[in-house]
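Undergrad: File name run03.csv; file contents CSV, C-alpha atoms and all ligand atoms; full text below.
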```
chain,number,residue,atom,x,y,z
A,97,MET,CA,95.9,98.9,78.6
A,98,ASN,CA,97.9,102.1,78.5
A,99,VAL,CA,99.7,103.3,81.6
A,100,PHE,CA,97.3,106.1,82.4
A,101,THR,CA,94.3,103.8,82.3
A,102,ALA,CA,96.2,101.4,84.6
A,103,LEU,CA,97.0,104.3,87.0
A,104,GLU,CA,93.4,105.6,87.1
A,105,THR,CA,91.8,102.1,87.5
A,106,ARG,CA,94.1,100.6,90.0
A,107,ARG,CA,92.4,100.6,93.3
A,108,SER,CA,93.0,98.7,96.6
A,109,ILE,CA,90.9,95.6,96.6
A,110,ARG,CA,90.3,93.5,99.8
A,111,GLN,CA,87.9,90.8,98.5
A,112,TYR,CA,88.9,88.5,95.8
A,113,THR,CA,87.2,85.7,93.8
A,114,SER,CA,88.4,82.3,95.0
A,115,ASN,CA,88.5,80.6,91.6
A,116,ASN,CA,90.8,82.7,89.4
A,117,PRO,CA,94.4,81.6,89.9
A,118,ILE,CA,97.0,83.7,88.2
A,119,PRO,CA,98.6,81.7,85.4
A,120,GLN,CA,102.3,81.2,85.5
A,121,ALA,CA,102.9,83.3,82.4
A,122,HIS,CA,101.1,86.2,84.0
A,123,PHE,CA,102.9,85.7,87.3
A,124,ASP,CA,106.2,85.7,85.4
A,125,ALA,CA,105.2,89.0,83.7
A,126,LEU,CA,104.5,90.6,87.1
A,127,ILE,CA,108.0,89.5,88.4
A,128,ASN,CA,109.5,90.9,85.3
A,129,ALA,CA,107.8,94.2,86.0
A,130,VAL,CA,109.8,94.3,89.2
A,131,ARG,CA,113.0,93.3,87.4
A,132,VAL,CA,112.8,96.3,85.0
A,133,SER,CA,112.0,98.7,87.8
A,134,PRO,CA,114.7,101.4,88.5
A,135,THR,CA,116.9,101.1,91.6
A,136,SER,CA,119.8,103.4,92.7
A,137,PHE,CA,123.0,102.2,91.1
A,138,ASN,CA,121.0,99.2,89.8
A,139,ILE,CA,121.3,97.6,93.2
A,140,GLN,CA,118.0,95.7,92.9
A,141,HIS,CA,117.3,95.4,96.7
A,142,TRP,CA,114.1,93.4,96.1
A,143,ARG,CA,113.7,90.0,97.8
A,144,ILE,CA,110.1,88.9,97.2
A,145,VAL,CA,108.5,86.2,99.2
A,146,ARG,CA,105.7,84.4,97.4
A,147,VAL,CA,103.4,82.8,100.1
A,148,LEU,CA,101.5,79.8,98.7
A,149,ASP,CA,101.4,77.8,101.9
A,150,SER,CA,97.9,78.1,103.4
A,151,ALA,CA,99.1,77.6,107.0
A,152,LEU,CA,101.6,80.4,106.6
A,153,ARG,CA,98.9,82.6,105.2
A,154,HIS,CA,96.8,82.1,108.3
A,155,GLN,CA,99.8,82.9,110.5
A,156,LEU,CA,100.4,86.1,108.5
A,157,GLN,CA,96.8,87.0,108.7
A,158,GLU,CA,97.0,86.9,112.5
A,159,ALA,CA,100.0,89.2,112.3
A,160,ALA,CA,97.9,91.5,110.2
A,161,TRP,CA,95.0,91.9,112.6
A,162,GLY,CA,92.9,89.4,110.7
A,163,GLN,CA,92.8,91.3,107.4
A,164,GLU,CA,90.9,88.9,105.1
A,165,GLN,CA,92.7,89.6,101.9
A,166,ILE,CA,95.8,87.8,103.3
A,167,THR,CA,94.1,84.5,103.0
A,168,GLY,CA,91.5,85.4,100.3
A,169,ALA,CA,93.8,86.7,97.6
A,170,GLN,CA,95.2,84.4,94.9
A,171,GLU,CA,98.7,85.6,95.6
A,172,LEU,CA,100.3,87.1,98.6
A,173,LEU,CA,103.7,88.7,98.0
A,174,ILE,CA,105.9,90.1,100.7
A,175,LEU,CA,108.3,92.7,99.4
A,176,CYS,CA,111.5,92.6,101.4
A,177,GLY,CA,114.5,94.8,100.9
A,178,ASP,CA,118.1,93.6,101.4
A,179,ILE,CA,119.8,96.5,103.2
A,180,ASP,CA,123.2,95.1,102.5
A,181,ALA,CA,122.6,94.6,98.8
A,182,TRP,CA,124.9,97.5,98.0
A,183,GLN,CA,127.9,95.5,99.2
A,184,LYS,CA,127.0,92.0,98.0
A,185,ASN,CA,129.3,91.6,95.0
A,186,PRO,CA,128.1,94.9,93.4
A,187,GLU,CA,130.2,94.2,90.3
A,188,ARG,CA,127.4,92.0,89.2
A,189,TYR,CA,125.0,94.9,88.9
A,190,TRP,CA,127.3,96.3,86.2
A,191,ARG,CA,128.7,93.2,84.7
A,192,ASN,CA,127.5,94.1,81.2
A,193,LEU,CA,129.8,97.2,81.1
A,194,GLU,CA,133.5,97.3,80.1
A,195,THR,CA,135.8,96.7,83.0
A,196,ASP,CA,137.0,100.3,83.5
A,197,LYS,CA,133.4,101.7,83.4
A,198,GLN,CA,132.3,98.9,85.8
A,199,ASN,CA,135.1,99.7,88.2
A,200,TYR,CA,134.3,103.4,88.1
A,201,ILE,CA,130.6,103.0,88.9
A,202,VAL,CA,131.2,100.3,91.5
A,203,ASN,CA,133.7,102.5,93.4
A,204,MET,CA,131.3,105.4,93.3
A,205,LEU,CA,128.5,103.1,94.6
A,206,LYS,CA,130.7,101.9,97.5
A,207,ASP,CA,131.7,105.5,98.4
A,208,PHE,CA,128.1,106.6,98.4
A,209,TYR,CA,126.7,103.9,100.7
A,210,SER,CA,129.7,103.0,103.0
A,211,SER,CA,129.0,103.8,106.7
A,212,LYS,CA,125.6,105.3,105.9
A,213,SER,CA,123.2,102.9,107.6
A,214,GLN,CA,120.1,105.1,107.3
A,215,LEU,CA,120.7,105.7,103.6
A,216,GLN,CA,121.3,101.9,103.1
A,217,ARG,CA,117.9,101.2,104.7
A,218,ASP,CA,116.1,104.0,102.9
A,219,GLU,CA,117.4,102.8,99.6
A,220,ALA,CA,116.1,99.2,100.2
A,221,ILE,CA,112.7,100.7,101.0
A,222,ARG,CA,112.8,103.1,98.0
A,223,SER,CA,113.6,100.3,95.6
A,224,CYS,CA,110.7,98.1,97.0
A,225,ALA,CA,108.2,101.0,96.9
A,226,ILE,CA,108.9,101.7,93.2
A,227,ALA,CA,108.8,97.9,92.4
A,228,ALA,CA,105.5,97.7,94.2
A,229,GLN,CA,103.8,100.3,92.0
A,230,SER,CA,105.3,98.6,88.9
A,231,LEU,CA,103.9,95.3,90.0
A,232,MET,CA,100.4,96.7,90.8
A,233,LEU,CA,100.2,98.6,87.4
A,234,ALA,CA,101.4,95.5,85.5
A,235,ALA,CA,98.7,93.5,87.4
A,236,LYS,CA,96.0,95.9,86.5
A,237,ALA,CA,97.1,95.8,82.8
A,238,LEU,CA,96.8,92.0,82.9
A,239,GLY,CA,93.3,92.3,84.5
A,240,TYR,CA,94.1,91.7,88.2
A,241,ASP,CA,93.6,93.8,91.3
A,242,SER,CA,95.8,94.4,94.2
A,243,ASN,CA,96.2,95.8,97.7
A,244,PRO,CA,99.5,97.2,99.1
A,245,MET,CA,99.6,96.5,102.8
A,246,ILE,CA,101.6,97.7,105.8
A,247,GLY,CA,98.9,96.9,108.3
A,248,PHE,CA,100.8,94.1,110.1
A,249,ASP,CA,103.3,93.6,112.9
A,250,ALA,CA,106.6,93.6,110.9
A,251,ASP,CA,108.5,91.8,113.7
A,252,ASP,CA,105.9,89.0,113.7
A,253,VAL,CA,105.9,88.8,109.9
A,254,GLY,CA,109.7,88.7,109.9
A,255,LYS,CA,109.7,85.7,112.3
A,256,ILE,CA,107.1,83.8,110.2
A,257,ILE,CA,109.1,84.1,107.0
A,258,ASN,CA,112.5,83.7,108.6
A,259,LEU,CA,113.6,87.2,107.5
A,260,PRO,CA,117.4,87.3,107.3
A,261,ASN,CA,119.4,89.9,109.2
A,262,GLN,CA,119.8,93.2,107.5
A,263,HIS,CA,116.5,92.8,105.6
A,264,VAL,CA,113.4,94.9,105.9
A,265,VAL,CA,109.8,94.0,105.2
A,266,THR,CA,108.6,96.9,103.2
A,267,MET,CA,105.0,95.9,102.4
A,268,MET,CA,102.8,93.0,101.4
A,269,ILE,CA,100.8,93.0,98.1
A,270,THR,CA,97.8,90.8,97.6
A,271,LEU,CA,96.8,90.0,94.0
A,272,GLY,CA,93.8,88.5,92.3
A,273,LYS,CA,90.4,89.2,90.7
A,274,ALA,CA,88.2,91.6,92.6
A,275,ASN,CA,85.0,90.3,94.1
A,276,GLU,CA,83.9,93.8,95.2
A,277,ALA,CA,83.7,97.2,93.6
A,278,ALA,CA,86.4,99.6,94.7
A,279,GLY,CA,85.0,102.1,97.3
A,280,VAL,CA,84.8,105.8,96.6
A,281,ARG,CA,88.2,107.4,96.6
A,282,GLY,CA,89.1,108.7,100.0
A,283,GLY,CA,89.8,112.4,99.0
A,284,ASP,CA,92.7,114.2,97.4
A,285,ILE,CA,94.9,116.8,99.0
A,286,PRO,CA,94.9,120.2,97.3
A,287,LEU,CA,97.2,120.6,94.3
A,288,ASN,CA,99.0,123.5,96.0
A,289,GLU,CA,100.0,121.2,98.8
A,290,LEU,CA,101.0,118.4,96.6
A,291,LEU,CA,103.1,120.5,94.2
A,292,VAL,CA,105.6,122.9,95.6
A,293,MET,CA,107.1,125.5,93.3
A,294,ASN,CA,110.9,125.8,93.6
A,295,THR,CA,111.3,125.8,97.4
A,296,PHE,CA,109.1,125.3,100.5
A,297,SER,CA,108.3,128.8,101.8
B,301,LIG,C1,102.2,101.4,102.0
B,301,LIG,C2,100.7,101.2,102.0
B,301,LIG,C3,100.2,100.4,103.0
B,301,LIG,C4,98.8,100.1,103.0
B,301,LIG,N1,98.3,99.2,103.9
B,301,LIG,C5,97.0,98.8,103.8
B,301,LIG,C6,96.6,97.8,104.7
B,301,LIG,O1,97.3,97.3,105.6
B,301,LIG,N2,95.3,97.4,104.6
B,301,LIG,C7,94.4,97.9,103.6
B,301,LIG,O2,93.3,97.5,103.6
B,301,LIG,N3,94.9,98.9,102.8
B,301,LIG,C8,96.2,99.3,102.9
B,301,LIG,N4,96.6,100.3,102.0
B,301,LIG,C9,95.7,100.8,100.9
B,301,LIG,C10,95.4,102.3,101.1
B,301,LIG,O3,94.4,102.4,102.1
B,301,LIG,C11,94.9,102.8,99.8
B,301,LIG,O4,96.0,102.7,98.9
B,301,LIG,C12,94.5,104.3,99.8
B,301,LIG,O5,93.4,104.5,100.6
B,301,LIG,C13,94.2,104.8,98.4
B,301,LIG,O6,93.2,104.0,97.8
B,301,LIG,P1,93.4,103.2,96.5
B,301,LIG,O7,94.6,102.3,96.6
B,301,LIG,O8,92.1,102.4,96.3
B,301,LIG,O9,93.6,104.2,95.4
B,301,LIG,C14,98.0,100.6,102.0
B,301,LIG,C15,98.5,101.4,101.0
B,301,LIG,C16,99.9,101.7,101.0
B,301,LIG,C17,100.5,102.5,99.8
```
For this file, produce the structure as structure tokens.
Ligand SMILES: Cc1cc2nc3c(=O)[nH]c(=O)nc-3n(C[C@H](O)[C@H](O)[C@H](O)COP(=O)(O)O)c2cc1C
TA:
Amino acid sequence: MNVFTALETRRSIRQYTSNNPIPQAHFDALINAVRVSPTSFNIQHWRIVRVLDSALRHQLQEAAWGQEQITGAQELLILCGDIDAWQKNPERYWRNLETDKQNYIVNMLKDFYSSKSQLQRDEAIRSCAIAAQSLMLAAKALGYDSNPMIGFDADDVGKIINLPNQHVVTMMITLGKANEAAGVRGGDIPLNELLVMNTFS
């Protein structure tokens, strides 16, 4: 499937078939779609929690106001971002470079993020948001449907999954084979609102 077809046909699906587990090779391909997603300074903030445990799924469903896809989907992934990833041995993000180039970029990275807590958090969320779309498009290309979700109490979810300090839950993604047709698209904003030429007026 080409990327434009995946973009056009990806829709949020809330009801999944119960008998179509995602084979390991496909699951690995989805995780690889995250791995090759871009992140600022290659920091790779993603920490993805794969929830297979049924009791945990039910607890998470309660934290998400009962949304049925949390227990009904084949896979439930919780995309978390590590806010401190920028300072966790950042040399490893550039270990394939020659030492002088590695030092140059790592020093730049440290200057860029030091003492900027808002930016550090924004970056973790940005990385996860891009990864989320990669994952959902890859899923579509492999014949699966998905639903990105923020409709939950993030503090409750954090407690359920033992979210470490300085991590942020950015969204959940459910995955599986659709058991419903996607609804009509909600409605687009006008192009002249979406696309701003040169500057805001
Ligand atoms: C960050 C984010 C959070 C969302 N949270 C939920 C959610 O909690 N529950 C839900 O049913 N849909 C959720 N959605 C799905 C949106 O309602 C959906 O993407 C939007 O209406 C466009 O429809 P489409 O995905 O079918 O193209 C979320 C989407 C995004 C991007």
Undergrad: Please check which protein, DNA or RNA residues sit within 6 Å of ligand LIG 301 (chain B), counting only C-alpha atoms and all ligand atoms, and write them as a PyMOL selection string.
TA: chain A and resi 107-108+243-247
Undergrad: Between A:Gln216, A:Gln183, A:Gln170, A:Thr101, which is the closest to Val147 of chain A once you count all atoms listed in the file?
TA: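 Ranked by minimum distance to Val147 of chain A, first place goes to A:Gln170.
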Undergrad: Can you work out which one of A:Leu271, A:Asp218, A:Ser297, A:Ile144 has the shortest atom-to-atom distance to Lys236 of chain A, counting all atoms listed in the file?
TA: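 Under the stated criterion, the closest residue is A:Leu271.
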Undergrad: List the spatial neighbours of segment 193-208 of chain A as a ChimeraX atom specification - criterion: any atom at most 10 Å away, all atoms listed in the file, same-chain residues fewer than 4 positions off excluded.
TA: /A:136-139,182-183,185-189,212,215-216
Undergrad: In terms of the shortest atom-to-atom distance over all atoms listed in the file, which of A:Ala159, A:Ala234, A:His263, A:Trp142 is closest to Asn98 of chain A?
TA: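 Distance minimum relative to Asn98 of chain A lands on A:Ala234.
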Undergrad: What does the distance from atom CA of Leu148 of chain A to atom CA of Gly272 of chain A come to in Å, to one decimal?
TA: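 These two atoms are separated by 13.3 Å.
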Undergrad: Which neighbours of Thr113 of chain A fall inside 7 Å, counting only C-alpha atoms, when residues of the same chain fewer than 3 positions from it are skipped, and could you give them as number ranges by chain?
TA: A: 116, 273-275
Undergrad: Taking (104.8, 78.9, 107.9) in the file's coordinates as the center, which residues reach within 12 Å of it, counting only C-alpha atoms, put as a PDB file with C-alpha atoms, in the coordinates of the input?
TA:
```pdb
ATOM      1  CA  VAL A 145     108.500  86.200  99.200  1.00  0.00           C
ATOM      2  CA  ARG A 146     105.700  84.400  97.400  1.00  0.00           C
ATOM      3  CA  VAL A 147     103.400  82.800 100.100  1.00  0.00           C
ATOM      4  CA  LEU A 148     101.500  79.800  98.700  1.00  0.00           C
ATOM      5  CA  ASP A 149     101.400  77.800 101.900  1.00  0.00           C
ATOM      6  CA  SER A 150      97.900  78.100 103.400  1.00  0.00           C
ATOM      7  CA  ALA A 151      99.100  77.600 107.000  1.00  0.00           C
ATOM      8  CA  LEU A 152     101.600  80.400 106.600  1.00  0.00           C
ATOM      9  CA  ARG A 153      98.900  82.600 105.200  1.00  0.00           C
ATOM     10  CA  HIS A 154      96.800  82.100 108.300  1.00  0.00           C
ATOM     11  CA  GLN A 155      99.800  82.900 110.500  1.00  0.00           C
ATOM     12  CA  LEU A 156     100.400  86.100 108.500  1.00  0.00           C
ATOM     13  CA  GLN A 157      96.800  87.000 108.700  1.00  0.00           C
ATOM     14  CA  ASP A 252     105.900  89.000 113.700  1.00  0.00           C
ATOM     15  CA  VAL A 253     105.900  88.800 109.900  1.00  0.00           C
ATOM     16  CA  GLY A 254     109.700  88.700 109.900  1.00  0.00           C
ATOM     17  CA  LYS A 255     109.700  85.700 112.300  1.00  0.00           C
ATOM     18  CA  ILE A 256     107.100  83.800 110.200  1.00  0.00           C
ATOM     19  CA  ILE A 257     109.100  84.100 107.000  1.00  0.00           C
ATOM     20  CA  ASN A 258     112.500  83.700 108.600  1.00  0.00           C
TER      21      ASN A 258
END
```
Undergrad: Please, what distance in Å, to one decimal, runs between atom CA of Asn128 of chain A and atom CA of Leu231 of chain A?
TA: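 Computing the Euclidean distance for atom CA of Asn128 of chain A and atom CA of Leu231 of chain A yields 8.5 Å.
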Undergrad: Tell me, in Å to one decimal, how far atom CA of Gly162 of chain A is from atom CA of Asp284 of chain A.
TA: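 Interatomic distance here is 28.1 Å.
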Undergrad: Measuring between only C-alpha atoms, which one of A:Ala235, A:Arg281, A:Met267, A:Glu104 shows the shortest distance to Phe123 of chain A?
TA: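 With only C-alpha atoms as the atom set, the closest residue is A:Ala235.
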Undergrad: When distances are computed from all atoms listed in the file, which of A:Ile179, A:Val280, A:Cys224, A:Leu290 shows the smallest separation from Asn261 of chain A?
TA: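 Under the stated criterion, the closest residue is A:Ile179.
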Undergrad: Taking all atoms listed in the file into account, which of A:Ile109, A:Leu103, A:Ala181, A:Cys176 comes nearest Ser210 of chain A?
TA: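 Going through A:Ile109, A:Leu103, A:Ala181, A:Cys176 one by one, the smallest distance to Ser210 of chain A is for A:Ala181.
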Undergrad: Residues at most 9 Å from Gln262 of chain A, counting only C-alpha atoms, excluding those fewer than 6 positions away in the same chain, as a list of chain:residue names?
TA: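 The neighbour list is A:Gly177, A:Asp178, A:Ile179, A:Asp180, A:Arg217.
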Undergrad: Keeping only C-alpha atoms, write the selected residues to a file as a PDB file, in the coordinates of the input.
TA:
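Output (result25.pdb):
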```pdb
ATOM      1  CA  GLY A 177     114.500  94.800 100.900  1.00  0.00           C
ATOM      2  CA  ASP A 178     118.100  93.600 101.400  1.00  0.00           C
ATOM      3  CA  ILE A 179     119.800  96.500 103.200  1.00  0.00           C
ATOM      4  CA  ASP A 180     123.200  95.100 102.500  1.00  0.00           C
ATOM      5  CA  ARG A 217     117.900 101.200 104.700  1.00  0.00           C
TER       6      ARG A 217
END
```
